[in-house]
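See below for the structure under consideration.
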Amino acid sequence: MPINILMPALSPTMEKGNLAKWLKKEGDAVKAGDVIAEIETDKATMEVEAIDEGVLAKILVPEGATDVPVNQPIAVIAQEGETATAPAPRQENAPAKEQQPARDQARANTPQANKTRPQANETPPQAAKDTPPQAAPARGERVFSSPLARRIAKDAGIDLSAIAGSGPHGRVIERDVKAALAGGTAPAPKAAPQAAPAQAAALLAQAMPDANIRKFFEPGSFEEVPHDSMRKTIARRLVEAKQTIPHFYLSVDCELDALLKLRAEINAGAPKDRDGAPAFKLSVNDFVIKALAQSLMAVPDANATWTESAMLKHKHADVGVAVSIPGGLITPVVRKADTKSLSTISNEMKDYAARARQRKLKPEEYQGGSTAVSNLGMFGITNFAAVINPPHATILAVGAGESRVIVKNGAPAVATVMSVTLSTDHRAVDGALGAELLAAFKRYIENPIAMLA
Amino acid sequence: MTYDIIVIGGGPGGYVAAIRAAQLGFRTAVVEREHLGGICLNWGCIPAKALLRSAEILHYAEHASAYGLKLEGKVTPDAAAIVKRSRQISAQLNNGVGFLMKKNKIDVIWGEAFIAKAGEVRVSAPKKPAEQPQTPPPKGTLGEGTYAAKHIVVATGARPRALPGLEPDGRLIWTYFEAMKPERLPKSLIVMGSGAIGVEFASFYRAMGAEVTLVEVLPQIMPVEDAEIAAHARKRFAKGGIKVFTSTKVTKVAKGADSVTATLEDDKGRTETVTAERMISAVGVVGNVENLGLEALGVKIERGAIVTDGLGRTTVPGVYAIGDVAGPPMLAHKAEHEGVICVETIKGLHTHAMDPLMIPGCTFCSPQVASVGLTEEKAKAAGYKVKVGRFPFVGNGKAIALGEPDGLVKTVFDAATGKLLGAHLVGAEVTELIQGFVVAMNCETTEEELIHTVFPHPTLSETMHESVLDAYGRVIHV
């Protein structure tokens, strides 16, 4: 029987995605496990694997298509000897499968998302259960269908309204009913609309229309590069952040010499494998992540997320780390960084950074968190202020460690100093609380041995 | 000059594809080496219909008394005048295609095309054609040169197939070219092959008074048609004076000064000789796939036809094929439709491959034959439990009034679903009736909608309604 490949949901809240690339052509044979397409979401590119053997009979959504709703059929896989030129329609009589989304047909490389972690602006997936299958009209509405389709459906006891039509104007025709009879797929629940951001969006000031902006520049004096979805997401989220979050900023200088010395010692003591490669190599940033996580544990009131109805006080420190990648940036989250050793954090970050550059991070790896670290020290930046990435309450902007002359015990002395600036969401973290957090952070950085406790 | 689309071949597939391309905003050119409109318009469908119309009028004149008309004197066919009329009709339509090209701002490039590589068409001076075109190339055509195009659509059509030892010579053994413009009407004629071309010429020359022998190698004339319909037509042919041999092949032809003697051998090995002034070889057509550079490009060709995906795409990106050269059924309307699908696919529109069972076929012999979908035999072979309806023209008032009581409409339904699987007609004007069934099949009607449809009285179309009624045991006028 022909099998629909549906647009996979890469996260419980994903509503739509872009079809970045087809890796198989129509007519290609596919085996279970073959990667047949790449799906692009806000920030990640995911692979779609076939779980059945057959022939990719029909591509329904062309490469480059944007905003393809989750669970929409994107291709049809036919078994040997079958032909399929249209999506195999869904079968109604499969209630048991109804709550099982696309994974039945197409398995994305997505583990179950972290359901224990509430997310401020996302609707829980449970809300979607009772939504009728998309593309099939609600009961009572006229179903456009051919007489032959109606006849076959009636004889077989199938409800036409459960079948998506592939004929002209979406008319249900013979092949749709036959495909459904042959064992189509369960009607998939439609993702619930994302309600919360609508309110925020309504507050957005209108930007200048594109045409007016273009008028400032000579035609031909510039090249137009269309936005990819990452660029759109960065723009949308940062505008949202700056418009809805009252930012304020706290800066402090931290002496690094003790940390650098400890880092050298730990790295020197790293166990080596047979080829002599060390098991880990800690960076200053790894210490920063760990220090921030420990500080949030020490000042738990600062480990919070603002929602309109309540303050969400987090029990662990999930620390996002901004990673610059070609075309933008992404913030993978080191979960429970407070419980992880420096070497674990370090290796996790190496993996994140590598996969971020390939845009292979999974949504649940970069969504959520309560704070973030943005480090531009490697570019020689001494200090800057970062924009909070919702739903975080804080973000720590880290500058370069540099040798500075400081006053110590009334006398000038040379020390390696790193300036950091904490941006905080004043709704969640007030000035004194932010200062307390930053003081804790400075303490950990300057007495790094405490992090090992 | 760079085009979006160059169509190679200005036949019904090619020029229609070009017009659709122009409508969609593509910069389009057509390469043609002989005549706009292709074989269909110049040497096939259209001039043949003109000849057959002369035969029909002659038939009416000869039977005038049956309609109460006294015709003083004798009506005799004038070969030169009949051919002249036929050629004029072709010329008129040929000019019409030139006009359509101009109107749609489609460049016409005159010559032989060669696809040097994907995206590049080299056009050289036209070679001597099989038949000299009667009309010069339209004004303003481009000539030899190299032309670039993002998409190249091969629509080069087909030519008569020749059997070894029985090759047409243009003098005694004709193809449709010579048969279309006889200098004089032969007194006797052998027609080898009983497909559409064979039986149409058999009908024409028989009407013109020739002794006609029709030879078919398969057990049934018009082998693609429903057996019952073919048998009906055969009976009518025989009644009209055509000698019909089936399961018989022409094994040898001896050429005389102004005659041919064909040795016929049936499937039991019995031989017989037939002598006639001329013989027509109508044993099918083969696609013009040669000398285009297709092999070098890697375009896949199977059994003489370019392999496509049903949407016109070949195995080489940027190279497309439509019409006869892309395989059977080799029909003008199939080529036209494929041309449109191909160009719309290039444009990125949502297209579907044609369902071959929805392509009607029409043969303009006397009596006419028209059909769509599965024959009764094929439907059974495909595993359907069928309901078959039949209605003879003799039960139809209009047919009687016309003096055409000899005809049959046969409908084949899937007993399980009421799906109309096929319709097969023989009789007067059935080529104008068949599209009613084609529309019904495309809309996926069941017998119920057809039964509920009001067919106008008094028309031949009522025979269609009655045939459906008969399939469900409800026929009225039998």
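Every chain in the structure tokens takes a letter, A first, then B, and so on in the order presented; its residues are numbered from 1, and the ligands are numbered from 1 following the presented order.
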
Show me, as a PyMOL selection string, the residues of chain B whose atoms get within 6 Å of chain A, using only C-alpha atoms for the distance check. chain B and resi 444-446

Residues from the last selection, N, CA and C atoms, saved as a JSON list (two decimals), in the first residue's frame:
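For reference, part04.json as written:
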[["chain", "number", "residue", "atom", "x", "y", "z"],
["B", 444, "GLU", "N", -15.60, 10.96, -13.55],
["B", 444, "GLU", "CA", -15.83, 9.79, -12.72],
["B", 444, "GLU", "C", -17.30, 9.61, -12.41],
["B", 445, "THR", "N", -18.12, 9.70, -13.42],
["B", 445, "THR", "CA", -19.52, 9.41, -13.18],
["B", 445, "THR", "C", -19.71, 7.91, -13.04],
["B", 446, "THR", "N", -20.78, 7.52, -12.42],
["B", 446, "THR", "CA", -21.18, 6.11, -12.42],
["B", 446, "THR", "C", -22.36, 5.99, -13.39]]

Please report, as CSV, each residue of stretch 280-318 of chain A lying at most 12 Å from stretch 390-407 of chain A, together with the nearest pair of atoms and the separation in Å rounded to one decimal; use only C-alpha atoms, and order rows by chain and ascending residue number.
residue,atom,partner,partner_atom,distance
A:Val284,CA,A:Gly401,CA,9.2
A:Asn285,CA,A:Val398,CA,8.7
A:Phe287,CA,A:Val398,CA,11.8
A:Val288,CA,A:Val398,CA,8.5
A:Ile289,CA,A:Leu396,CA,9.6
A:Ala291,CA,A:Leu396,CA,11.2
A:Leu292,CA,A:Leu396,CA,8.4
A:Ala293,CA,A:Leu396,CA,11.4
A:Ser295,CA,A:Leu396,CA,11.9
A:Leu296,CA,A:Thr394,CA,10.4
A:Asp301,CA,A:Ala393,CA,10.7
A:Ala302,CA,A:Ala393,CA,7.7
A:Asn303,CA,A:Ala393,CA,7.5
A:Ala304,CA,A:Ala393,CA,6.2
A:Thr305,CA,A:Ala393,CA,5.5
A:Trp306,CA,A:Ala393,CA,7.1
A:Thr307,CA,A:Pro391,CA,8.9
A:Met311,CA,A:Ala393,CA,10.5
A:Leu312,CA,A:Pro391,CA,10.1
A:Lys313,CA,A:Ala393,CA,10.6
A:His314,CA,A:His392,CA,10.8
A:Ala317,CA,A:His392,CA,10.9
A:Asp318,CA,A:His392,CA,9.6

Using DSSP on the backbone, list every residue of stretch 162-388 of chain A that comes out as strand (DSSP E), and give them as a VMD selection string. chain A and resid 247 to 255 304 to 306 311 to 313 319 to 321 323 to 325 328 to 330 333 to 334 371 to 375

Please produce a file of those selected residues containing C-alpha atoms, as an mmCIF file, in the first residue's frame.
data_model
loop_
_atom_site.group_PDB
_atom_site.id
_atom_site.type_symbol
_atom_site.label_atom_id
_atom_site.label_comp_id
_atom_site.auth_asym_id
_atom_site.auth_seq_id
_atom_site.Cartn_x
_atom_site.Cartn_y
_atom_site.Cartn_z
ATOM 1 C CA HIS A 247 16.419 45.300 30.070
ATOM 2 C CA PHE A 248 18.896 46.729 32.483
ATOM 3 C CA TYR A 249 22.598 46.124 32.773
ATOM 4 C CA LEU A 250 25.191 45.390 35.477
ATOM 5 C CA SER A 251 28.916 45.149 34.876
ATOM 6 C CA VAL A 252 31.758 43.779 36.921
ATOM 7 C CA ASP A 253 35.436 43.030 36.428
ATOM 8 C CA CYS A 254 36.711 39.575 37.372
ATOM 9 C CA GLU A 255 40.318 38.626 37.916
ATOM 10 C CA ALA A 304 13.535 32.600 37.049
ATOM 11 C CA THR A 305 11.334 33.219 34.056
ATOM 12 C CA TRP A 306 8.674 35.867 33.914
ATOM 13 C CA MET A 311 7.141 33.626 38.187
ATOM 14 C CA LEU A 312 8.634 30.344 37.094
ATOM 15 C CA LYS A 313 11.411 29.485 39.510
ATOM 16 C CA VAL A 319 22.498 27.768 30.555
ATOM 17 C CA GLY A 320 22.267 28.750 26.933
ATOM 18 C CA VAL A 321 25.518 29.458 25.126
ATOM 19 C CA VAL A 323 27.328 30.003 19.182
ATOM 20 C CA SER A 324 28.095 32.065 16.135
ATOM 21 C CA ILE A 325 27.500 30.169 12.920
ATOM 22 C CA GLY A 328 23.507 33.885 12.268
ATOM 23 C CA LEU A 329 23.775 32.438 15.710
ATOM 24 C CA ILE A 330 22.171 29.770 17.786
ATOM 25 C CA VAL A 333 21.400 24.959 26.138
ATOM 26 C CA VAL A 334 23.605 23.124 28.616
ATOM 27 C CA THR A 371 20.001 32.268 31.230
ATOM 28 C CA ALA A 372 22.678 32.479 28.577
ATOM 29 C CA VAL A 373 26.324 33.278 28.036
ATOM 30 C CA SER A 374 27.510 35.319 25.104
ATOM 31 C CA ASN A 375 31.273 35.522 24.804
#

For B:Gly96, find every residue with an atom within 9 Å (counting only C-alpha atoms), except residues of its own chain fewer than 5 positions away, and show them as JSON, numbers by chain. {"B": [37, 91, 101]}

Which distance in Å separates atom CA of B:Lys255 and atom CA of B:Pro186, to one decimal?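 Here the two named atoms are 15.2 Å from each other.
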